[in-house]
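Novice: Dumping the structure here so I can ask a few things about it.
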Amino acid sequence: MNPPRPLSATLDRLTGRSGRQEEAASETLRVEAGETLRVSFTVNGRPATVDVAPRVTLSDALRDHLGLTGTHIGCEHGVCGMCTVVVDGDAARACLLLACQLEGAEIMTVEGLGKPDDLHPLQESFGKHHALQCGFCTPGQLMSAYDLLDHEPGIDREELPEKMSGVLCRCTGYRNIMDAVAEVAEEHPDGVPAPRNCASAALLPRDNGGGRASAAAEHAEDEDTGPVEIRMPQTEPTVAIEVDEQVRATPDELWAVMADTDRLARCLPGAELVADLGDDRYKGRIRVALGPVKLAFVGDIHVAERDETDRRIVALAQAEDAGGGNVQAEVLLSVSPDGEGSAVHAEADLHMTGRIAQFGRSLAGDVSREMFGQFTRALDATARGEEPVTTAPPSAIAMVTQLTAARLRGVVNRITRRN
Ligand code: FES
Ligand code: FES
């Protein structure tokens, strides 16, 4: 398959500047069969990038590429309103938009509306008024109500049935839905409260094609991108791993890479630094594919200790994905002489919340260990002057398949030896 074409760079070529697809004059953008486009936008205030075929809808990109399954899909014809999201401040049917139309757009999904422990007043009101039965239409109702109250604060209760008629409810729960929206409109006549789970776009998405940064990136430049203090939770980590590997590079060769944070980051598949904030603090991001769910974490890194004598570094990191999932990590990496090569030792405590924590300690542990294995091999090759670096995100399915195959081979070998 062809590598994804960066859409922002393509649009730059067509328009002479970075911009949205509708600005691409009348020249036709041709995309070969099997070719994908790399599209960057902001979802719930966080930068997100997807590699998609041009035919992929926004609803599919949100659900299948970013794991934001709160956006439901009903008719896929623009009729039912289940897929309603807010795009650049207006409600939109995500099933009727192509993801590749949305370079630089700001998108808000129901995941951005509130957090489990900090619900939006609309969500509170839906619960209070029993405004949902099966809940299938609820994300669309909430996003539609948010958009309505955002544009028409203090709207009269009598107008709600018509104004809210764009989202269908098969459980016929309309009366309660109207009660829920009316109460929020009455309590907040000056405007609907802001969403509770939207970050400000604070990171600069990397432009992978050598073209100009996307509109989201330009917006991000306006935001506060300063370093933040990383505080590790005082609780037991979700996953604690320890990895030891023998490599061919010498400790001096390895340290030359470890002393250069940019080169070191590029040894971790799917990871990249997007900003150097000075004082060994950085902004970075990492993409991880967990089966059909593709997560893109962006966040802060602080190299808290860099000891050349013992050749060890300690790094703290915290990052979140577009759905509000969170990872915090404390990583220790050290190298020591081992024969003609070196021994690499890594320890990591990982604290996870949100969707990534749903994959269970065992899988998360296996994936993390395999990632460190890949990292060590890339570090070794880089230190020896090779260029092994791949920016492809690690795939949990591929890793688990490899791990399962390795375990099966072990079992077969043991049985064979016994016989
Ligand atoms: S799924 Fe988009 S309107 Fe029905
Ligand atoms: S609550 Fe079931 S479809 Fe609306």
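Identifiers for the structure tokens are assigned positionally: chains receive A, B, ... in sequence, residues are indexed from 1 per chain, and ligands are indexed from 1 in the order shown.
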Please provide as a list in words all residues within 8 Å of A:Asn44, with the sequence filter that same-chain residues fewer than 5 positions apart are discarded (counting only C-alpha atoms).
Specialist: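 In the requested format, the answer is Glu106, Ile107, Met108, Thr109, Glu111, Gly112, Asn197, Cys198, Ala199, Ala322 and Gly323 of chain A.
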Novice: Restricted to C-alpha atoms, what would the selected residues look like written as a PDB file, in the first residue's frame?
Specialist:
ATOM      1  CA  GLU A 106     -12.125  21.799  15.066  1.00  0.00           C
ATOM      2  CA  ILE A 107     -14.418  18.938  15.942  1.00  0.00           C
ATOM      3  CA  MET A 108     -16.248  18.281  19.184  1.00  0.00           C
ATOM      4  CA  THR A 109     -17.767  14.896  19.924  1.00  0.00           C
ATOM      5  CA  GLU A 111     -16.685  12.565  24.553  1.00  0.00           C
ATOM      6  CA  GLY A 112     -15.688  16.226  24.801  1.00  0.00           C
ATOM      7  CA  ASN A 197     -13.645  17.542  28.520  1.00  0.00           C
ATOM      8  CA  CYS A 198     -12.139  19.675  25.771  1.00  0.00           C
ATOM      9  CA  ALA A 199      -8.489  20.619  26.064  1.00  0.00           C
ATOM     10  CA  ALA A 322      -8.556  12.710  21.831  1.00  0.00           C
ATOM     11  CA  GLY A 323     -11.045  10.667  23.859  1.00  0.00           C
TER      12      GLY A 323
END
Novice: Using only C-alpha atoms and all ligand atoms, what are the residues with an atom within 10 Å of ligand 1, set out as JSON, numbers by chain?
Specialist: {"A": [57, 58, 59, 71, 72, 73, 74, 75, 76, 77, 78, 79, 80, 81, 82, 83, 84, 85, 92, 93, 94, 95, 96, 97, 137, 140, 166, 167, 168]}
Novice: All residues within 7 Å of ligand 2 are required, counting only C-alpha atoms and all ligand atoms; please report them as a ChimeraX atom specification.
Specialist: /A:132-138,168-173
Novice: Could you give me, as an MDAnalysis selection string, each residue of stretch 257-312 of chain A that DSSP assigns to alpha helix (DSSP H) when run on this structure's backbone?
Specialist: chainID A and resid 257:258 261:265
Novice: Report as a PyMOL selection string all protein, DNA and RNA residues lying within 10 Å of stretch 229-241 of chain A, evaluated on only C-alpha atoms, omitting residues in the same chain fewer than 4 positions from it.
Specialist: chain A and resi 281+300-302+316-318+327-331+346-353+357+360-366+368-369+372
Novice: Hey, can you spit out that residue selection with N, CA and C atoms as a PDB file, in the first residue's frame?
Specialist:
ATOM      1  N   ARG A 281      12.719  19.549  28.706  1.00  0.00           N
ATOM      2  CA  ARG A 281      11.266  19.317  28.679  1.00  0.00           C
ATOM      3  C   ARG A 281      10.798  19.424  27.238  1.00  0.00           C
ATOM      4  N   ASP A 300       3.404  15.693  27.484  1.00  0.00           N
ATOM      5  CA  ASP A 300       4.637  16.298  27.964  1.00  0.00           C
ATOM      6  C   ASP A 300       5.640  15.246  28.396  1.00  0.00           C
ATOM      7  N   ILE A 301       6.903  15.559  28.182  1.00  0.00           N
ATOM      8  CA  ILE A 301       7.991  14.673  28.592  1.00  0.00           C
ATOM      9  C   ILE A 301       9.017  15.520  29.340  1.00  0.00           C
ATOM     10  N   HIS A 302       9.505  14.996  30.425  1.00  0.00           N
ATOM     11  CA  HIS A 302      10.557  15.689  31.175  1.00  0.00           C
ATOM     12  C   HIS A 302      11.649  14.679  31.488  1.00  0.00           C
ATOM     13  N   LEU A 316       9.996  11.347  32.829  1.00  0.00           N
ATOM     14  CA  LEU A 316       8.580  11.345  33.218  1.00  0.00           C
ATOM     15  C   LEU A 316       7.763  11.795  32.005  1.00  0.00           C
ATOM     16  N   ALA A 317       6.614  11.188  31.828  1.00  0.00           N
ATOM     17  CA  ALA A 317       5.780  11.577  30.689  1.00  0.00           C
ATOM     18  C   ALA A 317       4.323  11.506  31.087  1.00  0.00           C
ATOM     19  N   GLN A 318       3.544  12.399  30.545  1.00  0.00           N
ATOM     20  CA  GLN A 318       2.092  12.280  30.685  1.00  0.00           C
ATOM     21  C   GLN A 318       1.461  12.736  29.373  1.00  0.00           C
ATOM     22  N   VAL A 327      -2.267   8.554  29.968  1.00  0.00           N
ATOM     23  CA  VAL A 327      -1.154   7.683  30.340  1.00  0.00           C
ATOM     24  C   VAL A 327      -0.111   8.542  31.029  1.00  0.00           C
ATOM     25  N   GLN A 328       0.366   8.068  32.168  1.00  0.00           N
ATOM     26  CA  GLN A 328       1.509   8.700  32.826  1.00  0.00           C
ATOM     27  C   GLN A 328       2.579   7.632  33.005  1.00  0.00           C
ATOM     28  N   ALA A 329       3.800   7.999  32.794  1.00  0.00           N
ATOM     29  CA  ALA A 329       4.865   6.986  32.835  1.00  0.00           C
ATOM     30  C   ALA A 329       6.113   7.548  33.497  1.00  0.00           C
ATOM     31  N   GLU A 330       6.765   6.692  34.275  1.00  0.00           N
ATOM     32  CA  GLU A 330       8.097   7.003  34.786  1.00  0.00           C
ATOM     33  C   GLU A 330       9.007   5.916  34.241  1.00  0.00           C
ATOM     34  N   VAL A 331      10.001   6.317  33.481  1.00  0.00           N
ATOM     35  CA  VAL A 331      10.840   5.358  32.767  1.00  0.00           C
ATOM     36  C   VAL A 331      12.292   5.548  33.179  1.00  0.00           C
ATOM     37  N   ALA A 346      15.694  -1.481  31.213  1.00  0.00           N
ATOM     38  CA  ALA A 346      14.610  -0.480  31.239  1.00  0.00           C
ATOM     39  C   ALA A 346      13.582  -0.884  32.272  1.00  0.00           C
ATOM     40  N   GLU A 347      13.120   0.107  33.021  1.00  0.00           N
ATOM     41  CA  GLU A 347      12.013  -0.097  33.966  1.00  0.00           C
ATOM     42  C   GLU A 347      10.979   0.974  33.692  1.00  0.00           C
ATOM     43  N   ALA A 348       9.732   0.602  33.741  1.00  0.00           N
ATOM     44  CA  ALA A 348       8.685   1.613  33.510  1.00  0.00           C
ATOM     45  C   ALA A 348       7.482   1.324  34.382  1.00  0.00           C
ATOM     46  N   ASP A 349       6.994   2.360  35.036  1.00  0.00           N
ATOM     47  CA  ASP A 349       5.702   2.316  35.742  1.00  0.00           C
ATOM     48  C   ASP A 349       4.711   3.097  34.898  1.00  0.00           C
ATOM     49  N   LEU A 350       3.639   2.430  34.497  1.00  0.00           N
ATOM     50  CA  LEU A 350       2.655   3.074  33.626  1.00  0.00           C
ATOM     51  C   LEU A 350       1.319   3.163  34.345  1.00  0.00           C
ATOM     52  N   HIS A 351       0.772   4.363  34.378  1.00  0.00           N
ATOM     53  CA  HIS A 351      -0.562   4.596  34.956  1.00  0.00           C
ATOM     54  C   HIS A 351      -1.488   4.938  33.806  1.00  0.00           C
ATOM     55  N   MET A 352      -2.569   4.184  33.650  1.00  0.00           N
ATOM     56  CA  MET A 352      -3.457   4.395  32.499  1.00  0.00           C
ATOM     57  C   MET A 352      -4.886   4.592  32.968  1.00  0.00           C
ATOM     58  N   THR A 353      -5.564   5.524  32.319  1.00  0.00           N
ATOM     59  CA  THR A 353      -7.005   5.680  32.542  1.00  0.00           C
ATOM     60  C   THR A 353      -7.669   5.846  31.185  1.00  0.00           C
ATOM     61  N   ALA A 357      -6.948   1.757  29.312  1.00  0.00           N
ATOM     62  CA  ALA A 357      -6.924   0.924  30.520  1.00  0.00           C
ATOM     63  C   ALA A 357      -7.883  -0.255  30.404  1.00  0.00           C
ATOM     64  N   GLY A 360      -6.761  -4.308  29.758  1.00  0.00           N
ATOM     65  CA  GLY A 360      -6.311  -5.279  30.734  1.00  0.00           C
ATOM     66  C   GLY A 360      -4.812  -5.219  30.959  1.00  0.00           C
ATOM     67  N   ARG A 361      -4.430  -5.553  32.209  1.00  0.00           N
ATOM     68  CA  ARG A 361      -3.018  -5.453  32.575  1.00  0.00           C
ATOM     69  C   ARG A 361      -2.142  -6.384  31.752  1.00  0.00           C
ATOM     70  N   SER A 362      -2.656  -7.579  31.486  1.00  0.00           N
ATOM     71  CA  SER A 362      -1.838  -8.574  30.802  1.00  0.00           C
ATOM     72  C   SER A 362      -1.485  -8.114  29.392  1.00  0.00           C
ATOM     73  N   LEU A 363      -2.533  -7.693  28.630  1.00  0.00           N
ATOM     74  CA  LEU A 363      -2.291  -7.239  27.258  1.00  0.00           C
ATOM     75  C   LEU A 363      -1.445  -5.974  27.270  1.00  0.00           C
ATOM     76  N   ALA A 364      -1.807  -5.020  28.145  1.00  0.00           N
ATOM     77  CA  ALA A 364      -1.051  -3.765  28.200  1.00  0.00           C
ATOM     78  C   ALA A 364       0.412  -4.054  28.560  1.00  0.00           C
ATOM     79  N   GLY A 365       0.633  -5.016  29.473  1.00  0.00           N
ATOM     80  CA  GLY A 365       1.993  -5.374  29.859  1.00  0.00           C
ATOM     81  C   GLY A 365       2.750  -5.997  28.697  1.00  0.00           C
ATOM     82  N   ASP A 366       2.101  -6.941  27.973  1.00  0.00           N
ATOM     83  CA  ASP A 366       2.749  -7.589  26.825  1.00  0.00           C
ATOM     84  C   ASP A 366       3.108  -6.571  25.750  1.00  0.00           C
ATOM     85  N   SER A 368       3.502  -3.314  26.124  1.00  0.00           N
ATOM     86  CA  SER A 368       4.548  -2.398  26.591  1.00  0.00           C
ATOM     87  C   SER A 368       5.917  -3.070  26.533  1.00  0.00           C
ATOM     88  N   ARG A 369       5.988  -4.335  26.944  1.00  0.00           N
ATOM     89  CA  ARG A 369       7.279  -5.044  26.896  1.00  0.00           C
ATOM     90  C   ARG A 369       7.768  -5.174  25.456  1.00  0.00           C
ATOM     91  N   PHE A 372       9.147  -1.943  24.254  1.00  0.00           N
ATOM     92  CA  PHE A 372      10.502  -1.704  24.758  1.00  0.00           C
ATOM     93  C   PHE A 372      11.509  -2.559  24.010  1.00  0.00           C
TER      94      PHE A 372
END
